[in-house]
file protein_30.txt (compact mmCIF, C-alpha atoms)
# COMPACT_ATOMS: atom_id res chain seq x y z
CA MET S 259 23.94 -14.09 7.77
CA ARG S 260 22.16 -15.69 4.82
CA ILE S 261 19.09 -13.52 5.15
CA LEU S 262 21.21 -10.42 5.66
CA ILE S 263 23.13 -11.07 2.44
CA ILE S 264 19.92 -11.64 0.53
CA LEU S 265 18.21 -8.56 1.90
CA VAL S 266 21.19 -6.33 1.19
CA SER S 267 21.46 -7.78 -2.32
CA LEU S 268 17.85 -7.02 -3.04
CA LEU S 269 18.14 -3.53 -1.62
CA LEU S 270 21.19 -2.81 -3.75
CA MET S 271 19.44 -4.28 -6.77
CA ALA S 272 16.51 -1.98 -6.23
CA LEU S 273 18.54 1.10 -5.50
CA GLY S 274 20.84 0.47 -8.41
CA ALA S 275 18.08 -0.06 -10.90
CA GLY S 276 17.92 3.54 -11.96
CA ALA S 277 17.70 7.11 -10.94
CA ALA S 278 15.11 7.79 -8.29
CA CYS S 279 11.89 9.29 -9.57
CA ALA S 280 8.44 9.59 -8.10
CA HIS S 281 4.89 10.52 -8.79
CA ALA S 282 4.14 14.19 -9.26
CA PHE S 283 2.23 15.40 -6.24
CA LEU S 284 0.67 18.81 -5.99
CA ASP S 285 3.13 20.66 -3.80
CA HIS S 286 1.25 23.90 -3.46
CA ALA S 287 -1.22 26.09 -5.29
CA ASN S 288 -2.13 29.73 -5.59
CA PRO S 289 -4.90 30.30 -4.55
CA ALA S 290 -4.12 27.73 -1.88
CA VAL S 291 -6.09 24.50 -1.65
CA GLY S 292 -9.33 25.10 0.24
CA SER S 293 -8.59 28.77 0.81
CA THR S 294 -10.81 31.84 0.74
CA VAL S 295 -9.40 34.86 -1.00
CA GLN S 296 -10.86 38.32 -0.82
CA ARG S 297 -9.66 39.48 -4.21
CA ALA S 298 -10.51 37.51 -7.32
CA PRO S 299 -7.30 35.91 -8.61
CA ARG S 300 -6.31 36.52 -12.21
CA ASP S 301 -4.90 33.05 -12.60
CA VAL S 302 -4.38 29.72 -10.86
CA ALA S 303 -0.84 28.44 -10.42
CA LEU S 304 -0.04 24.85 -9.48
CA SER S 305 3.41 23.66 -8.43
CA PHE S 306 4.21 19.96 -8.46
CA THR S 307 6.90 17.91 -6.83
CA LEU S 308 8.27 16.88 -10.24
CA ASN S 309 8.58 18.45 -13.64
CA ILE S 310 5.56 17.72 -15.80
CA ASP S 311 5.02 17.03 -19.47
CA ALA S 312 3.49 20.05 -21.20
CA ALA S 313 1.76 18.07 -23.93
CA SER S 314 -0.06 15.73 -21.58
CA SER S 315 -0.96 17.95 -18.65
CA ASN S 316 -3.97 20.15 -18.25
CA VAL S 317 -6.04 22.14 -15.79
CA GLN S 318 -9.58 23.49 -15.71
CA VAL S 319 -11.37 25.84 -13.36
CA THR S 320 -15.15 25.81 -12.98
CA ASP S 321 -17.65 27.75 -10.94
CA SER S 322 -20.34 26.30 -8.70
CA SER S 323 -22.60 25.70 -11.69
CA GLY S 324 -19.89 23.81 -13.52
CA ALA S 325 -19.24 26.52 -16.08
CA ARG S 326 -15.65 27.02 -17.18
CA VAL S 327 -14.07 30.19 -15.86
CA ASP S 328 -10.53 29.61 -17.08
CA GLU S 329 -9.37 31.22 -20.29
CA GLY S 330 -6.47 30.63 -22.58
CA LYS S 331 -4.14 27.69 -22.68
CA ALA S 332 -2.39 26.33 -19.63
CA GLN S 333 1.18 27.59 -19.41
CA ILE S 334 3.53 24.85 -18.30
CA SER S 335 7.14 25.33 -17.36
CA GLY S 336 9.15 22.84 -15.35
CA ASN S 337 7.06 21.79 -12.41
CA THR S 338 4.58 24.66 -12.66
CA MET S 339 1.29 24.89 -14.48
CA ARG S 340 -0.62 28.15 -14.69
CA ILE S 341 -3.92 29.09 -16.30
CA GLY S 342 -5.63 32.44 -16.64
CA LEU S 343 -9.08 33.18 -15.24
CA LYS S 344 -12.01 35.27 -16.32
CA ALA S 345 -13.16 37.96 -13.92
CA LEU S 346 -14.44 35.92 -10.99
CA LYS S 347 -17.43 36.88 -8.93
CA PRO S 348 -17.68 35.97 -5.25
CA GLY S 349 -18.40 32.28 -4.98
CA SER S 350 -16.90 28.80 -4.92
CA TYR S 351 -14.64 27.48 -7.63
CA ARG S 352 -13.06 24.11 -8.36
CA VAL S 353 -9.71 23.43 -9.96
CA ARG S 354 -9.26 20.09 -11.71
CA TRP S 355 -5.79 19.09 -12.87
CA ARG S 356 -4.21 16.15 -14.57
CA VAL S 357 -0.51 15.81 -15.25
CA LEU S 358 1.98 13.41 -16.71
CA SER S 359 5.23 13.62 -14.81
CA VAL S 360 8.55 13.31 -16.57
CA ASP S 361 8.98 9.76 -15.29
CA GLY S 362 5.81 8.68 -17.14
CA HIS S 363 3.41 8.50 -14.21
CA ASN S 364 -0.02 10.06 -14.41
CA ALA S 365 -1.50 11.98 -11.51
CA GLU S 366 -4.70 13.89 -11.07
CA GLY S 367 -6.61 15.80 -8.47
CA SER S 368 -8.97 18.62 -7.73
CA PHE S 369 -9.55 21.20 -5.04
CA GLY S 370 -11.74 24.14 -4.29
CA PHE S 371 -11.21 27.75 -3.38
CA THR S 372 -13.61 30.55 -2.58
CA VAL S 373 -13.66 34.17 -3.61
CA GLY S 374 -15.16 36.13 -0.76
CA GLY S 375 -17.48 39.08 -1.07
CA SER S 376 -16.01 42.54 -0.60
CA MET J 223 0.81 -7.83 3.74
CA LEU J 224 2.15 -9.45 6.89
CA LYS J 225 3.15 -11.60 9.04
CA HIS J 226 2.62 -13.49 12.25
CA ARG J 227 3.99 -16.95 12.00
CA TRP J 228 1.24 -18.54 14.06
CA PHE J 229 -1.30 -17.30 11.61
CA VAL J 230 0.83 -18.50 8.73
CA ARG J 231 -0.20 -15.44 6.80
CA ALA J 232 3.23 -14.06 6.71
CA LEU J 233 4.98 -11.41 4.78
CA ARG J 234 7.73 -13.35 3.16
CA LEU J 235 10.50 -12.53 0.81
CA CYS J 236 13.39 -13.95 -0.97
CA ALA J 237 14.92 -15.56 2.02
CA ARG J 238 16.21 -18.51 0.09
CA PRO J 239 18.18 -18.90 -3.09
CA ARG J 240 15.40 -20.02 -5.39
CA ALA J 241 13.19 -17.16 -4.30
CA PHE J 242 16.00 -14.74 -4.79
CA ALA J 243 16.71 -16.14 -8.23
CA LEU J 244 13.05 -15.76 -9.14
CA ALA J 245 12.98 -12.20 -7.91
CA LEU J 246 16.10 -11.42 -9.87
CA LEU J 247 14.63 -12.97 -12.99
CA PHE J 248 11.51 -10.85 -12.68
CA ALA J 249 13.57 -7.76 -12.14
CA LEU J 250 15.68 -8.23 -15.25
CA LEU J 251 13.07 -9.17 -17.81
CA PRO J 252 12.19 -6.48 -20.38
CA PHE J 253 9.41 -4.03 -19.71
CA SER J 254 7.20 -1.62 -21.56
CA GLU J 255 4.38 0.32 -19.94
CA ALA J 256 4.57 2.50 -16.87
CA PHE J 257 1.93 2.72 -14.23
CA ALA J 258 1.80 3.28 -10.54
CA HIS J 259 1.59 1.73 -7.15
CA CYS J 260 -1.77 2.14 -5.49
CA PHE J 261 -3.03 5.41 -6.93
CA VAL J 262 -6.75 5.52 -7.71
CA GLY J 263 -7.45 8.95 -9.11
CA PRO J 264 -6.33 11.44 -6.50
CA ARG J 265 -6.31 8.76 -3.80
CA PHE J 266 -3.14 7.02 -2.77
CA PHE J 267 -3.57 3.85 -0.77
CA PRO J 268 -0.29 3.19 1.04
CA ALA J 269 1.10 -0.30 1.45
CA THR J 270 -0.45 -1.40 4.70
CA LEU J 271 1.64 -3.43 7.12
CA VAL J 272 -0.78 -6.06 8.38
CA ILE J 273 -3.21 -6.55 5.53
CA ASP J 274 -2.54 -6.03 1.85
CA ASP J 275 -3.37 -2.91 -0.14
CA PRO J 276 -5.95 -3.23 -2.94
CA CYS J 277 -3.63 -2.90 -5.95
CA VAL J 278 -1.14 -4.90 -7.89
CA ALA J 279 2.12 -3.00 -7.86
CA ASP J 280 5.87 -3.12 -8.20
CA GLU J 281 7.08 -2.84 -4.67
CA MET J 282 9.23 -4.35 -2.01
CA ALA J 283 8.88 -4.44 1.75
CA LEU J 284 12.37 -4.76 3.10
CA PRO J 285 12.32 -5.52 5.90
CA THR J 286 9.29 -5.87 8.12
CA ILE J 287 10.27 -6.45 11.72
CA ASP J 288 8.04 -7.15 14.66
CA TRP J 289 8.37 -8.06 18.28
CA LEU J 290 5.63 -9.48 20.43
CA LYS J 291 4.83 -11.84 23.25
CA THR J 292 3.16 -15.05 22.22
CA GLY J 293 -0.24 -16.26 23.31
CA THR J 294 1.17 -19.24 25.19
CA THR J 295 1.07 -19.57 28.98
CA PRO J 296 3.45 -18.25 30.14
CA PRO J 297 4.16 -16.13 27.09
CA GLY J 298 7.32 -16.39 25.07
CA SER J 299 9.09 -13.62 23.23
CA GLU J 300 9.04 -13.60 19.45
CA TRP J 301 10.98 -11.69 16.79
CA ASP J 302 9.98 -11.86 13.14
CA ILE J 303 11.94 -10.47 10.22
CA SER J 304 10.27 -10.70 6.87
CA GLY J 305 10.20 -9.28 3.41
CA GLU J 306 8.13 -9.21 0.29
CA PHE J 307 8.76 -8.57 -3.39
CA ASP J 308 5.89 -7.80 -5.78
CA ARG J 309 5.95 -7.41 -9.56
CA ARG J 310 3.27 -6.84 -12.12
CA ILE J 311 3.16 -9.44 -14.88
CA THR J 312 0.68 -7.38 -16.87
CA GLU J 313 -0.96 -4.10 -16.00
CA ASP J 314 -3.60 -5.91 -13.94
CA LEU J 315 -1.92 -9.17 -12.97
CA GLY J 316 0.69 -9.26 -10.26
CA PHE J 317 2.88 -11.78 -8.53
CA GLY J 318 4.39 -11.61 -5.06
CA ILE J 319 6.84 -13.69 -3.11
CA SER J 320 7.58 -13.41 0.55
CA ASP J 321 9.11 -15.17 3.48
CA LEU J 322 9.95 -14.59 7.08
CA TRP J 323 12.41 -15.67 9.71
CA SER J 324 11.24 -16.10 13.27
CA GLN J 325 12.92 -16.55 16.59
CA ILE J 326 10.86 -17.56 19.60
CA ARG J 327 12.35 -17.57 23.09
CA THR J 328 10.31 -19.57 25.55
CA PRO J 329 10.12 -18.67 29.25
CA GLY J 330 12.42 -21.57 30.03
CA GLY J 331 15.11 -20.07 27.85
CA ARG J 332 14.68 -22.49 24.96
CA VAL J 333 15.03 -20.82 21.57
CA VAL J 334 13.48 -22.01 18.34
CA GLN J 335 14.13 -20.21 15.13
CA GLY J 336 13.98 -20.65 11.41
CA PHE J 337 12.22 -19.70 8.22
CA GLY J 338 8.51 -19.88 7.75
CA ASP J 339 6.95 -21.35 4.67
CA LEU J 340 7.60 -19.57 1.42
CA GLU J 341 4.52 -17.61 0.38
CA THR J 342 3.51 -16.63 -3.12
CA THR J 343 0.61 -14.46 -4.17
CA LEU J 344 -1.04 -14.12 -7.54
CA GLN J 345 -3.39 -11.13 -7.80
CA TYR J 346 -5.66 -9.67 -10.44
CA GLN J 347 -6.86 -6.08 -10.41
CA LEU J 348 -10.62 -6.09 -10.85
CA LEU J 349 -11.22 -2.37 -10.66
CA ARG J 350 -9.57 1.01 -10.29
CA ASP J 351 -12.33 3.59 -10.39
CA ALA J 352 -10.67 6.97 -10.19
CA SER J 353 -13.86 9.00 -9.96
CA HIS J 354 -15.10 7.03 -6.94
CA GLU J 355 -11.67 6.28 -5.43
CA THR J 356 -12.51 2.58 -5.46
CA ALA J 357 -10.15 -0.35 -5.99
CA MET J 358 -10.88 -4.08 -6.02
CA LEU J 359 -8.53 -6.99 -6.28
CA VAL J 360 -8.69 -10.78 -6.09
CA GLY J 361 -5.80 -13.06 -5.33
CA LEU J 362 -4.63 -16.50 -4.43
CA ILE J 363 -2.12 -16.79 -1.62
CA VAL J 364 -0.17 -20.03 -1.39
CA ASP J 365 1.93 -20.96 1.62
CA TRP J 366 4.15 -23.69 0.33
CA GLY J 367 4.36 -26.54 2.82
CA GLY J 368 7.74 -28.06 3.57
CA THR J 369 9.67 -24.94 2.63
CA GLY J 370 10.04 -23.66 6.19
CA ASN J 371 11.43 -25.05 9.40
CA VAL J 372 8.82 -27.69 10.17
CA ASN J 373 10.75 -29.22 13.07
CA ALA J 374 10.75 -25.91 14.93
CA GLY J 375 7.04 -25.50 14.34
CA ILE J 376 7.61 -22.35 12.31
CA GLY J 377 6.88 -23.95 8.93
CA THR J 378 4.27 -26.54 8.12
CA ALA J 379 4.52 -29.81 6.26
CA TYR J 380 1.38 -29.02 4.30
CA SER J 381 0.53 -26.12 2.03
CA MET J 382 -2.29 -23.65 2.42
CA LEU J 383 -4.33 -21.96 -0.28
CA THR J 384 -6.12 -18.72 0.49
CA PRO J 385 -8.30 -17.18 -2.21
CA THR J 386 -8.72 -13.58 -1.13
CA TYR J 387 -10.75 -10.52 -2.08
CA TYR J 388 -9.35 -7.05 -1.40
CA PHE J 389 -10.95 -3.63 -1.62
CA GLY J 390 -10.13 0.01 -1.05
CA GLN J 391 -12.52 2.92 -0.82
CA GLY J 392 -11.58 6.55 -0.41
CA LEU J 393 -14.11 8.92 1.12
CA GLY J 394 -13.24 11.84 -1.10
CA GLY J 395 -16.81 11.95 -2.37
CA LEU J 396 -18.21 13.15 0.94
CA PRO J 397 -20.03 16.49 0.81
CA ASP J 398 -18.27 19.76 1.52
CA ASP J 399 -19.68 20.09 5.02
CA LEU J 400 -17.76 16.91 5.87
CA GLU J 401 -14.63 18.06 4.09
CA PHE J 402 -12.26 17.11 6.86
CA ALA J 403 -13.50 13.51 6.63
CA ARG J 404 -12.66 13.32 2.93
CA PRO J 405 -9.05 12.24 3.55
CA LEU J 406 -10.37 9.07 5.19
CA ALA J 407 -10.15 5.77 3.38
CA ILE J 408 -11.03 2.19 4.19
CA THR J 409 -9.32 -0.89 2.87
CA GLY J 410 -10.01 -4.50 3.65
CA GLN J 411 -9.62 -8.09 2.66
CA ILE J 412 -11.31 -11.40 3.28
CA GLY J 413 -9.95 -14.81 2.39
CA TYR J 414 -10.68 -18.45 2.98
CA GLN J 415 -7.63 -20.48 3.98
CA ILE J 416 -7.71 -24.09 2.89
CA PRO J 417 -4.95 -26.48 4.01
CA THR J 418 -3.92 -29.20 1.60
CA THR J 419 -4.07 -31.65 4.48
CA SER J 420 -7.03 -31.96 6.78
CA TYR J 421 -5.38 -34.16 9.39
CA VAL J 422 -1.80 -34.61 10.59
CA ALA J 423 -1.70 -38.21 11.76
CA SER J 424 1.64 -37.93 13.52
CA GLN J 425 0.27 -35.22 15.80
CA GLY J 426 -3.33 -36.38 15.83
CA THR J 427 -4.33 -32.86 14.86
CA TYR J 428 -7.02 -31.61 12.54
CA ILE J 429 -6.01 -28.65 10.38
CA PRO J 430 -8.91 -26.21 10.26
CA GLN J 431 -10.13 -24.13 7.38
CA VAL J 432 -9.96 -20.49 8.41
CA ILE J 433 -11.54 -17.24 7.34
CA VAL J 434 -8.83 -14.58 7.25
CA TYR J 435 -10.17 -11.04 7.27
CA GLY J 436 -9.06 -7.57 8.16
CA ALA J 437 -9.44 -3.90 7.43
CA SER J 438 -7.72 -0.57 7.75
CA LEU J 439 -8.98 2.92 8.45
CA GLN J 440 -6.53 5.56 7.29
CA TYR J 441 -6.41 9.34 7.23
CA SER J 442 -4.28 10.76 4.45
CA MET J 443 -2.54 14.01 5.29
CA PRO J 444 -1.23 14.23 1.70
CA TYR J 445 -4.84 14.07 0.51
CA LEU J 446 -5.87 16.72 3.01
CA LYS J 447 -3.18 19.07 1.74
CA SER J 448 -3.73 18.59 -1.98
CA GLU J 449 -7.48 17.98 -2.20
CA VAL J 450 -9.21 19.54 0.78
CA LYS J 451 -7.32 22.28 2.57
CA ASP J 452 -3.68 23.27 2.72
CA LEU J 453 -3.26 24.02 6.41
CA GLN J 454 0.33 25.22 5.86
CA LEU J 455 1.60 22.53 8.19
CA PRO J 456 5.29 21.69 8.37
CA ASP J 457 6.11 19.47 5.42
CA PHE J 458 6.77 16.42 7.58
CA PHE J 459 3.13 16.25 8.66
CA ASN J 460 1.93 16.39 5.07
CA HIS J 461 3.61 13.02 4.49
CA LEU J 462 1.84 11.17 7.29
CA ILE J 463 -1.02 8.71 7.10
CA PRO J 464 -2.29 7.76 10.57
CA ILE J 465 -3.82 4.33 10.37
CA VAL J 466 -5.51 1.57 12.33
CA GLU J 467 -5.34 -1.92 10.92
CA THR J 468 -6.97 -5.12 12.10
CA GLN J 469 -6.65 -8.71 11.09
CA PHE J 470 -8.60 -11.68 12.35
CA PHE J 471 -8.58 -15.44 11.89
CA THR J 472 -11.67 -17.51 12.53
CA PRO J 473 -11.61 -21.30 12.13
CA VAL J 474 -14.81 -22.36 10.47
CA ALA J 475 -14.42 -25.98 9.39
CA ASN J 476 -12.49 -29.13 10.21
CA ASN J 477 -11.62 -27.73 13.61
CA PHE J 478 -12.23 -30.85 15.65
CA GLY J 479 -10.43 -30.86 18.97
CA ASN J 480 -9.06 -27.34 18.54
CA PRO J 481 -10.32 -24.29 20.43
CA SER J 482 -12.82 -22.55 18.20
CA ILE J 483 -11.74 -19.03 18.89
CA THR J 484 -11.10 -16.01 16.72
CA THR J 485 -7.62 -14.60 17.02
CA GLY J 486 -6.30 -11.33 15.72
CA THR J 487 -4.72 -8.02 16.40
CA ILE J 488 -5.53 -4.33 16.27
CA ASN J 489 -2.68 -2.25 14.97
CA PRO J 490 -2.76 1.53 15.40
CA GLY J 491 0.16 3.41 13.91
CA VAL J 492 1.36 5.77 11.27
CA ILE J 493 2.90 5.57 7.81
CA TYR J 494 5.31 8.19 6.50
CA VAL J 495 5.06 8.44 2.71
CA GLY J 496 8.22 9.58 0.95
CA SER J 497 8.86 9.99 -2.74
CA THR J 498 10.17 6.48 -3.36
CA TYR J 499 9.61 4.78 -0.04
CA GLN J 500 7.43 4.64 3.00
CA ILE J 501 8.13 3.84 6.62
CA GLY J 502 5.43 2.34 8.81
CA LEU J 503 5.30 1.86 12.56
CA GLU J 504 2.41 0.21 14.35
CA ALA J 505 1.58 -1.26 17.72
CA ILE J 506 0.38 -4.86 17.89
CA ILE J 507 -2.53 -5.19 20.29
CA PRO J 508 -3.85 -8.76 20.62
CA VAL J 509 -7.61 -9.01 20.77
CA ASN J 510 -7.51 -11.87 23.28
CA GLY J 511 -5.13 -14.08 25.19
CA ALA J 512 -4.91 -16.59 22.38
CA SER J 513 -3.62 -13.88 20.07
CA GLY J 514 -0.74 -12.72 22.21
CA SER J 515 0.23 -11.09 25.47
CA GLY J 516 0.77 -7.40 25.93
CA ILE J 517 1.54 -4.91 23.23
CA GLY J 518 4.04 -5.64 20.50
CA VAL J 519 5.67 -3.44 17.89
CA LEU J 520 5.74 -3.67 14.11
CA GLY J 521 7.87 -1.64 11.73
CA GLN J 522 8.36 -1.73 7.99
CA PHE J 523 10.52 -0.08 5.36
CA HIS J 524 8.81 -0.23 1.99
CA LEU J 525 10.17 0.69 -1.42
CA TYR J 526 8.08 1.90 -4.38
CA LEU J 527 10.01 0.14 -7.10
CA ASP J 528 7.95 1.73 -9.86
CA ASP J 529 9.01 5.15 -8.68
CA MET J 530 12.60 4.20 -8.01
CA SER J 531 13.10 2.93 -11.50
CA PRO J 532 10.15 3.62 -13.80
CA LYS J 533 11.89 2.25 -16.88
CA THR J 534 12.65 -1.14 -15.34
CA PHE J 535 10.93 -2.15 -12.11
CA GLY J 536 8.12 0.26 -12.79
CA GLN J 537 6.89 -1.59 -15.87
CA PRO J 538 4.79 -4.73 -16.14
CA LEU J 539 6.70 -7.74 -17.40
CA ILE J 540 4.28 -8.15 -20.28
CA SER J 541 2.42 -5.26 -21.79
CA GLY J 542 0.76 -4.03 -24.94
CA ALA J 543 0.85 -0.46 -26.10
CA SER J 544 2.80 2.09 -24.16
CA SER J 545 0.97 4.09 -21.56
CA PRO J 546 -1.12 6.76 -23.24
CA ALA J 547 -1.26 10.25 -21.93
CA LYS J 548 -4.51 10.97 -20.17
CA PRO J 549 -7.12 12.72 -22.23
CA PRO J 550 -7.87 16.38 -21.61
CA LEU J 551 -10.00 17.17 -18.62

call {"tool": "encode", "arguments": {"input": "protein_30.txt", "output": "structure tokens"}}
result
Amino acid sequence: MRILIILVSLLLMALGAGAACAHAFLDHANPAVGSTVQRAPRDVALSFTLNIDAASSNVQVTDSSGARVDEGKAQISGNTMRIGLKALKPGSYRVRWRVLSVDGHNAEGSFGFTVGGS
Amino acid sequence: MLKHRWFVRALRLCARPRAFALALLFALLPFSEAFAHCFVGPRFFPATLVIDDPCVADEMALPTIDWLKTGTTPPGSEWDISGEFDRRITEDLGFGISDLWSQIRTPGGRVVQGFGDLETTLQYQLLRDASHETAMLVGLIVDWGGTGNVNAGIGTAYSMLTPTYYFGQGLGGLPDDLEFARPLAITGQIGYQIPTTSYVASQGTYIPQVIVYGASLQYSMPYLKSEVKDLQLPDFFNHLIPIVETQFFTPVANNFGNPSITTGTINPGVIYVGSTYQIGLEAIIPVNGASGSGIGVLGQFHLYLDDMSPKTFGQPLISGASSPAKPPL
């Protein structure tokens, strides 16, 4: 009984400590992570599992030589971050993102996508 | 971190009033900066069940439960219930406290039960290299003698000190032609367990010094989805981390009169990673007869306190400036 009381107390203490938050994970992307698309996308859109802070979040897209192919500023609204792209040629591209979620946790990641030849 | 009483390397929590009071004190002190559990760049190392993960963190394992058959002849049946509470003192310095309760039923029907020795851990984060998905940690584990049920043989009258090195390495840097191996990660630890007594005169027994070592191989489905390829799997599968853990104990000194044999277990299983918690389930496969009989089961419910309450539990107890936003890419 003693251990049960203690364990329940700790659990309640933890659960009652505040509203539940979490790290922002990349929920999905368009173009999708690791995908091959036939038509060059006009932008990259990232959706996260939490709302993100606009001032402290960013995304870049580079081609296989490392040259930037994104243009304009990232547009951030709620849990979504979007950035425009230059006219992409067939090839491999990499998206690098870094976000600060509303609960103060940083997260980062990267993934590739390919634009196929017509 | 875990567990098995006979290894006295147990996952132990606030199973007694002073430990609970200490945990409560740590929980209520003021905080400042926010950081994470074991994220290293895009890599998330989950809290492993048998060995420890390579990060200081604010977390709680509550409870860890296992069932197994002991390595005695004939084997007995053992239940262990344990817990652990970890808090960061500073961004890189962490403190943990844990305890367990064991019940062992011998073949003759005799039952012994009680608490193991209280265990505390002080850890320092040596490295979190985001670009290489590498983490390193050092720590000192202390099993406090006389705090458990010595008469039942579950606690010990002497303490044990185990300086330990921990590491984690994600394989996200593998080339593109090995992309489906990039979600793999390896973690491990090695420690040297030193008892504060070398000889128990009442039992005529030497207490050996032991190397405690183990590793995990894990495959992160969350990493696969967000970093490598979104296979459009049902969401449940994107939360899973299949894993194999091992832990071994090799007496290396002061082992006079004892069998000089390595004991340990192999633990295949899976961890489900939720937003503020994880649930782990593993089999316990003894590596030899001295380590156990048959296959046991190990389960754990683990809370990410830093995510549950980032303004309180999710802050180091002592910190300097508030967490800066990351610089532009």

call {"tool": "axis_aligned_box", "arguments": {"input": "protein_30.txt", "around": "region 286-294 of chain J", "padding_each_side": "8 Å", "output": "AutoDock Vina command-line options"}}
result
--center_x 5.0 --center_y -12.6 --center_z 16.7 --size_x 26.5 --size_y 29.4 --size_z 33.1

call {"tool": "closest_residue", "arguments": {"input": "protein_30.txt", "among": "S:Ser293, S:Gln333, S:Asn288, S:Thr320", "to": "Gly374 (chain S)", "atoms": "all atoms listed in the file"}}
result
S:Ser293

call {"tool": "atom_distance", "arguments": {"input": "protein_30.txt", "atom1": "CA of Val372 (chain J)", "atom2": "CA of Thr294 (chain J)"}}
result
18.9 Å

call {"tool": "residues_near_point", "arguments": {"input": "protein_30.txt", "point": "(-6.1, -17.4, 1.3)", "cutoff": "7 Å", "atoms": "all atoms listed in the file", "output": "list in words"}}
result
Leu362, Ile363, Leu383, Thr384, Pro385, Thr386, Gly413, Tyr414 and Gln415 of chain J

call {"tool": "closest_residue", "arguments": {"input": "protein_30.txt", "among": "J:Ser381, J:Gln391, J:Thr356, J:Thr286", "to": "chain S", "atoms": "all atoms listed in the file"}}
result
J:Thr286

call {"tool": "closest_residue", "arguments": {"input": "protein_30.txt", "among": "J:Val334, J:Leu453, J:Ile429, J:Val434", "to": "Gly410 (chain J)", "atoms": "all atoms listed in the file"}}
result
J:Val434

call {"tool": "residues_around", "arguments": {"input": "protein_30.txt", "residues": "Arg300 (chain S)", "least_positions_apart": "6", "cutoff": "8 Å", "atoms": "all atoms listed in the file", "output": "PyMOL selection string"}}
result
chain S and resi 342-345

call {"tool": "residues_around", "arguments": {"input": "protein_30.txt", "residues": "Asn489 (chain J)", "least_positions_apart": "5", "cutoff": "10 Å", "atoms": "all atoms listed in the file", "output": "ChimeraX atom specification"}}
result
/J:271-272,438,465-469,503-508,517-520

call {"tool": "atom_distance", "arguments": {"input": "protein_30.txt", "atom1": "CA of Pro405 (chain J)", "atom2": "CA of Lys451 (chain J)"}}
result
10.2 Å

call {"tool": "residues_around", "arguments": {"input": "protein_30.txt", "residues": "Ala374 (chain J)", "least_positions_apart": "6", "cutoff": "10 Å", "atoms": "all atoms listed in the file", "output": "list in words"}}
result
Ser324, Gln325, Ile326, Val333, Val334, Gln335, Gly336, Phe337 and Gly338 of chain J

call {"tool": "write_last_selection", "arguments": {"input": "protein_30.txt", "atoms": "C-alpha atoms", "output": "mmCIF file, in the frame of the given file"}}
result
data_model
loop_
_atom_site.group_PDB
_atom_site.id
_atom_site.type_symbol
_atom_site.label_atom_id
_atom_site.label_comp_id
_atom_site.auth_asym_id
_atom_site.auth_seq_id
_atom_site.Cartn_x
_atom_site.Cartn_y
_atom_site.Cartn_z
ATOM 1 C CA SER J 324 11.240 -16.100 13.270
ATOM 2 C CA GLN J 325 12.920 -16.550 16.590
ATOM 3 C CA ILE J 326 10.860 -17.560 19.600
ATOM 4 C CA VAL J 333 15.030 -20.820 21.570
ATOM 5 C CA VAL J 334 13.480 -22.010 18.340
ATOM 6 C CA GLN J 335 14.130 -20.210 15.130
ATOM 7 C CA GLY J 336 13.980 -20.650 11.410
ATOM 8 C CA PHE J 337 12.220 -19.700 8.220
ATOM 9 C CA GLY J 338 8.510 -19.880 7.750
#

call {"tool": "atom_distance", "arguments": {"input": "protein_30.txt", "atom1": "CA of Asp314 (chain J)", "atom2": "CA of Leu348 (chain J)"}}
result
7.7 Å

call {"tool": "closest_residue", "arguments": {"input": "protein_30.txt", "among": "S:Val302, S:Val353, S:Ala325, S:Val373", "to": "chain J", "atoms": "all atoms listed in the file"}}
result
S:Val353

call {"tool": "closest_residue", "arguments": {"input": "protein_30.txt", "among": "J:Asp457, J:Asp452, J:Asp302, J:Asp280", "to": "chain S", "atoms": "all atoms listed in the file"}}
result
J:Asp452

call {"tool": "closest_residue", "arguments": {"input": "protein_30.txt", "among": "S:Val319, S:Leu284, S:Ala298, S:Leu304", "to": "Gly370 (chain S)", "atoms": "all atoms listed in the file"}}
result
S:Val319

call {"tool": "residues_around", "arguments": {"input": "protein_30.txt", "residues": "Leu308 (chain S)", "least_positions_apart": "2", "cutoff": "10 Å", "atoms": "all atoms listed in the file", "output": "number ranges by chain"}}
result
S: 279-285, 305-306, 310-311, 336-338, 358-361

call {"tool": "write_last_selection", "arguments": {"input": "protein_30.txt", "atoms": "C-alpha atoms", "output": "mmCIF file, in the frame of the given file"}}
result
data_model
loop_
_atom_site.group_PDB
_atom_site.id
_atom_site.type_symbol
_atom_site.label_atom_id
_atom_site.label_comp_id
_atom_site.auth_asym_id
_atom_site.auth_seq_id
_atom_site.Cartn_x
_atom_site.Cartn_y
_atom_site.Cartn_z
ATOM 1 C CA CYS S 279 11.890 9.290 -9.570
ATOM 2 C CA ALA S 280 8.440 9.590 -8.100
ATOM 3 C CA HIS S 281 4.890 10.520 -8.790
ATOM 4 C CA ALA S 282 4.140 14.190 -9.260
ATOM 5 C CA PHE S 283 2.230 15.400 -6.240
ATOM 6 C CA LEU S 284 0.670 18.810 -5.990
ATOM 7 C CA ASP S 285 3.130 20.660 -3.800
ATOM 8 C CA SER S 305 3.410 23.660 -8.430
ATOM 9 C CA PHE S 306 4.210 19.960 -8.460
ATOM 10 C CA ILE S 310 5.560 17.720 -15.800
ATOM 11 C CA ASP S 311 5.020 17.030 -19.470
ATOM 12 C CA GLY S 336 9.150 22.840 -15.350
ATOM 13 C CA ASN S 337 7.060 21.790 -12.410
ATOM 14 C CA THR S 338 4.580 24.660 -12.660
ATOM 15 C CA LEU S 358 1.980 13.410 -16.710
ATOM 16 C CA SER S 359 5.230 13.620 -14.810
ATOM 17 C CA VAL S 360 8.550 13.310 -16.570
ATOM 18 C CA ASP S 361 8.980 9.760 -15.290
#
